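Enquirer: My file is my_file07.txt. It has compact mmCIF, C-alpha atoms:
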# COMPACT_ATOMS: atom_id res chain seq x y z
CA MET X 1 -94.59 58.79 -134.83
CA ASN X 2 -92.95 60.48 -137.78
CA GLN X 3 -94.36 60.28 -141.30
CA ASN X 4 -92.08 57.40 -142.27
CA GLN X 5 -93.29 55.34 -139.32
CA ARG X 6 -96.91 56.12 -140.16
CA ASP X 7 -96.47 55.21 -143.83
CA ARG X 8 -94.70 52.02 -142.75
CA ALA X 9 -97.60 51.02 -140.51
CA LEU X 10 -100.16 51.72 -143.24
CA ALA X 11 -98.21 49.66 -145.78
CA LEU X 12 -97.81 46.75 -143.35
CA MET X 13 -101.51 46.76 -142.51
CA GLU X 14 -102.41 46.72 -146.20
CA LEU X 15 -100.73 43.30 -146.49
CA VAL X 16 -103.47 41.92 -144.22
CA ARG X 17 -106.32 44.18 -145.29
CA SER X 18 -105.89 43.05 -148.90
CA ARG X 19 -106.90 39.53 -147.79
CA LEU X 20 -110.04 40.53 -145.94
CA PRO X 21 -112.82 39.62 -145.85
CA ALA X 22 -112.20 35.88 -146.17
CA GLU X 23 -114.43 32.84 -145.61
CA PHE X 24 -113.54 29.39 -144.30
CA GLU X 25 -115.15 26.03 -143.69
CA VAL X 26 -114.43 24.94 -140.11
CA THR X 27 -115.51 21.54 -138.82
CA GLY X 28 -113.45 21.50 -135.62
CA ASP X 29 -110.01 22.16 -134.12
CA CYS X 30 -108.37 20.05 -136.84
CA ASP X 31 -109.09 22.61 -139.58
CA ALA X 32 -109.63 25.81 -137.58
CA TRP X 33 -106.17 27.35 -138.00
CA PRO X 34 -106.78 29.23 -141.28
CA LEU X 35 -109.73 31.03 -139.70
CA ILE X 36 -108.04 31.61 -136.33
CA SER X 37 -104.83 32.87 -137.90
CA LEU X 38 -106.48 35.46 -140.10
CA ALA X 39 -108.85 36.49 -137.29
CA LEU X 40 -105.89 37.17 -135.00
CA LEU X 41 -104.13 39.12 -137.74
CA SER X 42 -107.33 41.08 -138.30
CA ARG X 43 -107.45 41.96 -134.60
CA THR X 44 -103.81 43.06 -134.57
CA THR X 45 -104.47 45.19 -137.66
CA GLY X 46 -107.38 46.91 -135.96
CA THR X 47 -105.31 47.55 -132.85
CA LEU X 48 -102.40 49.01 -134.80
CA ASP X 49 -104.87 51.22 -136.69
CA SER X 50 -106.22 52.47 -133.34
CA VAL X 51 -102.67 53.30 -132.26
CA LEU X 52 -102.28 55.38 -135.42
CA LEU X 53 -105.55 57.20 -134.72
CA LEU X 54 -104.22 58.26 -131.32
CA GLN X 55 -100.95 59.60 -132.67
CA PRO X 56 -102.18 63.06 -133.78
CA SER X 57 -103.48 63.70 -130.26
CA GLU X 58 -100.06 62.63 -128.89
CA ARG X 59 -101.77 60.65 -126.11
CA ALA X 60 -98.94 58.17 -125.83
CA SER X 61 -100.32 56.66 -122.61
CA ASP X 62 -103.43 55.34 -124.31
CA ALA X 63 -101.33 54.17 -127.25
CA SER X 64 -99.06 52.29 -124.82
CA THR X 65 -102.09 50.47 -123.42
CA LEU X 66 -103.05 49.38 -126.92
CA VAL X 67 -99.49 48.25 -127.67
CA ARG X 68 -99.72 45.84 -124.74
CA SER X 69 -102.85 44.30 -126.27
CA LEU X 70 -101.14 44.19 -129.67
CA TYR X 71 -98.22 42.32 -128.14
CA GLU X 72 -100.51 39.75 -126.48
CA HIS X 73 -102.26 39.00 -129.75
CA VAL X 74 -99.00 38.69 -131.68
CA VAL X 75 -97.48 36.31 -129.11
CA HIS X 76 -100.55 34.09 -129.10
CA PHE X 77 -100.53 34.11 -132.90
CA ALA X 78 -96.85 33.13 -132.98
CA TRP X 79 -97.35 30.39 -130.37
CA LEU X 80 -100.28 28.88 -132.23
CA ALA X 81 -98.53 29.21 -135.59
CA ALA X 82 -95.57 27.23 -134.24
CA ASP X 83 -97.85 24.21 -133.90
CA PRO X 84 -101.35 24.83 -135.31
CA SER X 85 -102.44 21.33 -134.39
CA ALA X 86 -105.84 20.35 -133.07
CA GLU X 87 -104.20 19.70 -129.69
CA ARG X 88 -102.74 23.19 -129.37
CA ILE X 89 -105.90 24.87 -130.60
CA GLU X 90 -107.85 22.85 -128.02
CA GLU X 91 -105.45 24.07 -125.31
CA TRP X 92 -106.01 27.64 -126.48
CA ARG X 93 -109.78 27.21 -126.45
CA LYS X 94 -109.76 25.47 -123.08
CA HIS X 95 -107.96 28.42 -121.51
CA ASP X 96 -110.55 30.78 -122.97
CA LEU X 97 -113.48 28.71 -121.68
CA LYS X 98 -111.96 28.60 -118.20
CA GLN X 99 -111.62 32.37 -118.25
CA ARG X 100 -115.27 32.68 -119.24
CA LEU X 101 -116.27 30.54 -116.27
CA LYS X 102 -114.19 32.77 -113.98
CA ALA X 103 -115.88 35.82 -115.45
CA ASP X 104 -119.25 34.21 -114.80
CA ASP X 105 -118.24 33.60 -111.16
CA ASP X 106 -117.32 37.26 -110.72
CA CYS X 107 -120.45 38.56 -112.43
CA LYS X 108 -122.68 36.14 -110.53
CA ALA X 109 -121.27 37.45 -107.25
CA VAL X 110 -122.72 40.87 -108.04
CA GLY X 111 -126.03 39.57 -109.32
CA TYR X 112 -125.27 39.59 -113.04
CA PRO X 113 -124.51 36.02 -114.19
CA LEU X 114 -123.25 35.61 -117.73
CA PHE X 115 -124.66 32.11 -118.22
CA ASP X 116 -127.80 30.30 -117.19
CA SER X 117 -127.28 27.01 -115.34
CA ALA X 118 -127.67 24.86 -118.45
CA THR X 119 -125.15 26.87 -120.46
CA ARG X 120 -122.65 26.87 -117.60
CA ALA X 121 -122.99 23.13 -117.13
CA LYS X 122 -122.36 22.64 -120.83
CA ILE X 123 -119.18 24.74 -120.71
CA GLU X 124 -117.95 22.97 -117.57
CA ALA X 125 -118.47 19.58 -119.23
CA GLN X 126 -116.62 20.77 -122.30
CA VAL X 127 -113.66 22.01 -120.23
CA ALA X 128 -113.52 18.75 -118.28
CA ALA X 129 -113.21 16.81 -121.52
CA MET X 130 -110.43 19.02 -122.94
CA LYS X 131 -106.67 18.71 -122.56
CA GLY X 132 -104.11 21.45 -122.09
CA ASN X 133 -102.62 23.75 -119.47
CA ASP X 134 -103.46 27.31 -118.54
CA LEU X 135 -101.67 29.71 -120.84
CA VAL X 136 -99.04 31.96 -119.23
CA LEU X 137 -97.94 34.82 -121.45
CA THR X 138 -94.23 34.57 -120.65
CA ASN X 139 -94.23 30.80 -121.18
CA ILE X 140 -95.85 30.95 -124.58
CA ALA X 141 -93.50 33.80 -125.55
CA VAL X 142 -90.51 31.56 -124.76
CA ALA X 143 -92.09 28.67 -126.65
CA ALA X 144 -92.65 30.94 -129.65
CA ASP X 145 -89.02 32.08 -129.52
CA LYS X 146 -87.67 28.54 -129.39
CA HIS X 147 -89.63 27.62 -132.48
CA TRP X 148 -89.29 30.76 -134.59
CA GLU X 149 -85.77 32.01 -133.76
CA PRO X 150 -84.10 29.60 -136.25
CA HIS X 151 -86.53 30.65 -138.98
CA ILE X 152 -86.80 34.45 -138.62
CA ASP X 153 -83.58 36.44 -138.97
CA THR X 154 -84.73 39.39 -136.86
CA LEU X 155 -85.35 37.18 -133.81
CA GLU X 156 -82.71 36.36 -131.23
CA GLY X 157 -82.92 33.81 -128.41
CA HIS X 158 -85.54 34.25 -125.71
CA THR X 159 -82.96 35.69 -123.28
CA GLN X 160 -82.28 38.58 -125.67
CA LEU X 161 -84.15 41.82 -126.24
CA ARG X 162 -85.06 41.04 -129.85
CA SER X 163 -87.37 38.16 -129.05
CA PHE X 164 -90.98 37.57 -128.09
CA ARG X 165 -89.87 37.11 -124.48
CA GLY X 166 -87.66 40.20 -124.71
CA LEU X 167 -90.62 42.21 -125.98
CA TYR X 168 -92.59 41.07 -122.94
CA ALA X 169 -90.08 43.05 -120.88
CA SER X 170 -89.55 46.02 -123.22
CA ALA X 171 -93.14 46.41 -124.45
CA TYR X 172 -95.64 44.67 -122.21
CA ARG X 173 -94.02 45.20 -118.80
CA LEU X 174 -92.41 48.55 -119.57
CA HIS X 175 -95.71 50.07 -120.66
CA SER X 176 -97.72 48.52 -117.82
CA GLY X 177 -96.81 51.50 -115.67
CA VAL X 178 -98.92 53.83 -117.78
CA ALA X 179 -101.62 51.26 -118.52
CA HIS X 180 -102.46 50.93 -114.82
CA PRO X 181 -103.67 53.55 -112.29
CA SER X 182 -100.24 53.81 -110.70
CA GLU X 183 -98.04 56.70 -109.63
CA ARG X 184 -96.13 56.34 -112.86
CA GLY X 185 -99.42 56.14 -114.72
CA ILE X 186 -100.39 59.70 -113.77
CA HIS X 187 -97.06 61.24 -114.76
CA PRO X 188 -98.23 62.22 -118.26
CA VAL X 189 -100.96 64.45 -116.80
CA VAL X 190 -99.02 65.98 -113.89
CA GLU X 191 -96.57 68.87 -114.23
CA ASP X 192 -94.05 70.03 -111.65
CA LEU X 193 -94.27 73.79 -111.17
CA THR X 194 -92.19 75.21 -108.32
CA GLY X 195 -91.41 73.73 -104.93
CA SER X 196 -94.33 71.56 -103.88
CA ARG X 197 -96.70 73.02 -106.47
CA ARG X 198 -98.09 70.61 -109.11
CA ARG X 199 -100.54 71.01 -111.96
CA VAL X 200 -102.89 68.34 -113.34
CA LYS X 201 -103.70 68.73 -117.03
CA LEU X 202 -105.02 66.68 -119.90
CA GLU X 203 -102.35 64.69 -121.67
CA ASP X 204 -101.38 66.70 -124.71
CA SER X 205 -97.85 65.91 -125.79
CA PHE X 206 -95.16 63.35 -125.21
CA GLU X 207 -91.48 64.05 -124.80
CA GLY X 208 -89.73 61.16 -126.51
CA HIS X 209 -90.44 58.58 -129.16
CA GLY X 210 -93.59 57.02 -127.73
CA PRO X 211 -94.74 53.48 -128.52
CA TYR X 212 -95.56 54.07 -132.17
CA GLY X 213 -92.44 52.70 -133.85
CA LEU X 214 -92.47 49.77 -131.43
CA ALA X 215 -96.05 48.99 -132.46
CA THR X 216 -95.07 48.56 -136.11
CA ALA X 217 -92.10 46.36 -135.14
CA ILE X 218 -94.33 44.04 -133.09
CA TYR X 219 -96.90 43.90 -135.88
CA ALA X 220 -94.19 43.11 -138.43
CA LEU X 221 -93.12 40.10 -136.37
CA ALA X 222 -96.59 38.64 -136.79
CA LEU X 223 -96.30 39.10 -140.56
CA LEU X 224 -92.92 37.36 -140.63
CA VAL X 225 -94.45 34.44 -138.74
CA GLY X 226 -97.29 34.57 -141.26
CA GLU X 227 -94.95 33.83 -144.14
CA GLN X 228 -93.65 30.71 -142.40
CA SER X 229 -97.07 29.48 -141.28
CA LEU X 230 -99.49 30.74 -143.95
CA GLY X 231 -97.24 31.37 -146.94
CA TRP X 232 -97.87 35.13 -146.91
CA PRO X 233 -96.81 37.90 -146.83
CA SER X 234 -93.26 37.33 -148.00
CA THR X 235 -90.30 38.48 -145.93
CA ALA X 236 -89.23 40.47 -148.98
CA GLU X 237 -92.50 42.43 -148.90
CA VAL X 238 -92.07 43.26 -145.21
CA ASP X 239 -88.38 44.13 -145.63
CA ASN X 240 -89.17 46.34 -148.61
CA ILE X 241 -91.70 48.33 -146.58
CA PHE X 242 -89.12 48.96 -143.85
CA ALA X 243 -86.54 49.93 -146.49
CA GLN X 244 -88.96 52.40 -148.08
CA HIS X 245 -90.04 53.85 -144.74
CA PRO X 246 -87.04 53.64 -142.38
Now that the file is in, can you turn its structure into structure tokens?
Expert:
Amino acid sequence: MNQNQRDRALALMELVRSRLPAEFEVTGDCDAWPLISLALLSRTTGTLDSVLLLQPSERASDASTLVRSLYEHVVHFAWLAADPSAERIEEWRKHDLKQRLKADDDCKAVGYPLFDSATRAKIEAQVAAMKGNDLVLTNIAVAADKHWEPHIDTLEGHTQLRSFRGLYASAYRLHSGVAHPSERGIHPVVEDLTGSRRRVKLEDSFEGHGPYGLATAIYALALLVGEQSLGWPSTAEVDNIFAQHP
């Protein structure tokens, strides 16, 4: 990440940081969106900040792993913002509760249950009463594209690279190779010497651009959605930051 990219990221994050902390009254799914929206933007801000903290060490592999998490949060934010209704928020919460039950199943199998029987029964009853499908990242990315593409100039259709679905391929899937313990994942710490000789080292530098500029682009998309859904920040503010720090 060059200095312009770093300054750009800091300026973009300040648009969210300037609104935190914030307090909300929440009585249920019908009025939960203001809290959920800012909480998701807070999480994305923290993740982007962590990416920046890794940059001086040039450990691009760890930064790539964080960019995948950043992308997931931004896509969920955009999908919810497209229809922040009680029904969609319930669908989002139902998926989370089902994942908690699955986590409890796994932990229970190794003798470390997450919930006692009464708590689990309460969650199961809650899930049974809720509506909504399991959330699939690619599906909600396409849904976000279909809603936001007519409203955000930088977005193209979901079959194009400049889209939430396109970023699934170019950010989430592309960087999965280094996020997982794969052959590609160990490349940053393995050097070819001569013949069959190899050296394992600590990751110290990255030849190329790394995920840093991409991280700010993904984060900026969330802010552009924010203007449409929350009324802030303005597109002009975001565009001005990119103009000042190209």
Enquirer: CA of Asp31 (chain X) to CA of Ala81 (chain X): how many Å, to one decimal?
Expert: 13.1 Å
Enquirer: Please provide as a list of chain:residue names all residues within 8 Å of Leu135 (chain X), with the sequence filter that same-chain residues fewer than 5 positions apart are discarded (counting all atoms listed in the file).
Expert: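 In the requested form, the answer reads X:Trp92, X:His95, X:Ile140.
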Enquirer: Choose the residue, out of X:Leu35, X:Leu101, X:Leu52, X:Val136, that has the smallest atom-to-atom separation from Ala22 (chain X); count all atoms listed in the file.
Expert: X:Leu35
Enquirer: Using Å and a single decimal, report how far CA of Val225 (chain X) sits from CA of Lys146 (chain X).
Expert: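 CA of Lys146 (chain X) sits 13.0 Å away from CA of Val225 (chain X).
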Enquirer: Can you pull out the residues contacting Glu25 (chain X)? Cut-off 12 Å, using all atoms listed in the file, and skip same-chain residues under 4 positions away; I want them as a tab-separated table (two decimals) with C-alpha atoms, keeping the file's coordinate frame.
Expert:
chain	number	residue	atom	x	y	z
X	29	ASP	CA	-110.01	22.16	-134.12
X	30	CYS	CA	-108.37	20.05	-136.84
X	31	ASP	CA	-109.09	22.61	-139.58
X	32	ALA	CA	-109.63	25.81	-137.58
X	33	TRP	CA	-106.17	27.35	-138.00
X	34	PRO	CA	-106.78	29.23	-141.28
X	35	LEU	CA	-109.73	31.03	-139.70
X	36	ILE	CA	-108.04	31.61	-136.33
Enquirer: Using all atoms listed in the file, I'd like a table of the residues in region 172-232 of chain X that come within 12 Å of region 55-76 of chain X; for each, show the closest atom pair and its distance in Å rounded to one decimal, ordered by chain and ascending number, as a tab-separated table.
Expert:
residue	atom	partner	partner_atom	distance
X:Tyr172	CA	X:Arg68	CA	4.9
X:Arg173	CA	X:Arg68	CA	8.3
X:Leu174	CA	X:Ser64	CA	9.3
X:His175	CA	X:Ser64	CA	5.8
X:Ser176	CA	X:Thr65	CA	7.4
X:Gly177	CA	X:Ser61	CA	9.3
X:Val178	CA	X:Ser61	CA	5.8
X:Ala179	CA	X:Thr65	CA	5.0
X:His180	CA	X:Thr65	CA	8.6
X:Pro181	CA	X:Ser61	CA	11.3
X:Arg184	CA	X:Ser61	CA	10.6
X:Gly185	CA	X:Ser61	CA	8.0
X:Ile186	CA	X:Ser61	CA	9.3
X:His187	CA	X:Ser61	CA	9.7
X:Pro188	CA	X:Ser61	CA	7.4
X:Val189	CA	X:Ser61	CA	9.7
X:Leu202	CA	X:Arg59	CA	9.2
X:Glu203	CA	X:Arg59	CA	6.0
X:Asp204	CA	X:Glu58	CA	6.0
X:Ser205	CA	X:Glu58	CA	5.0
X:Phe206	CA	X:Glu58	CA	6.2
X:Glu207	CA	X:Ala60	CA	9.6
X:Gly208	CA	X:Ala60	CA	9.7
X:His209	CA	X:Ala60	CA	9.1
X:Gly210	CA	X:Ala60	CA	5.8
X:Pro211	CA	X:Ser64	CA	5.8
X:Tyr212	CA	X:Ala63	CA	7.6
X:Gly213	CA	X:Val67	CA	10.4
X:Leu214	CA	X:Val67	CA	8.1
X:Ala215	CA	X:Val67	CA	5.9
X:Thr216	CA	X:Val67	CA	9.5
X:Ala217	CA	X:Tyr71	CA	10.1
X:Ile218	CA	X:Tyr71	CA	6.5
X:Tyr219	CA	X:Val74	CA	7.0
X:Ala220	CA	X:Val74	CA	9.4
X:Leu221	CA	X:Val74	CA	7.7
X:Ala222	CA	X:Val74	CA	5.7
X:Leu223	CA	X:Val74	CA	9.3
X:Leu224	CA	X:Val74	CA	10.9
X:Val225	CA	X:Val74	CA	9.4
X:Gly226	CA	X:Val74	CA	10.6
Enquirer: Using Å and a single decimal, report how far CA of His147 (chain X) sits from CA of Phe164 (chain X).
Expert: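 Answer for the CA of Phe164 (chain X) to CA of His147 (chain X) separation: 11.0 Å.
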Enquirer: Tell me which protein, DNA and RNA residues are within 7 Å of region 234-244 of chain X, counting only C-alpha atoms, leaving out same-chain ones fewer than 3 positions away, and put them as a list in words.
Expert: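 My reading of the contact set: Arg8, Ala11, Leu12, Leu224 and Glu227 of chain X.
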Enquirer: Write out, as a tab-separated table (two decimals), keeping the file's coordinate frame, the residues just selected, with C-alpha atoms.
Expert:
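See part.tsv below for the written result:
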chain	number	residue	atom	x	y	z
X	8	ARG	CA	-94.70	52.02	-142.75
X	11	ALA	CA	-98.21	49.66	-145.78
X	12	LEU	CA	-97.81	46.75	-143.35
X	224	LEU	CA	-92.92	37.36	-140.63
X	227	GLU	CA	-94.95	33.83	-144.14
Enquirer: Determine, counting only C-alpha atoms, which protein, DNA and RNA residues have an atom within 12 Å of an atom of Pro150 (chain X); residues of the same chain fewer than 5 positions away are not included. Present the result as a PyMOL selection string.
Expert: chain X and resi 82+144-145+155-158+163+225+228
Enquirer: With 3 Å on each side, where is the centre of the axis-aligned box around all listed atoms of region 84-103 of chain X, and how long are its edges in Å to one decimal, as lines of an AutoDock Vina configuration file?
Expert:
center_x = -108.8
center_y = 27.8
center_z = -124.6
size_x = 20.9
size_y = 22.1
size_z = 27.3
Enquirer: Which residues, written as a ChimeraX atom specification, have at least one atom at most 12 Å from Leu20 (chain X), with only C-alpha atoms counted and residues fewer than 2 positions away on the same chain left out?
Expert: /X:13-18,22-24,35,38-39,41-43,45
Enquirer: For a quick check of understanding, using all atoms listed in the file, which of X:Glu191, X:Asp49, X:Glu149, X:Glu90 has the smallest distance to Lys131 (chain X)?
Expert: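 Closest candidate: X:Glu90.
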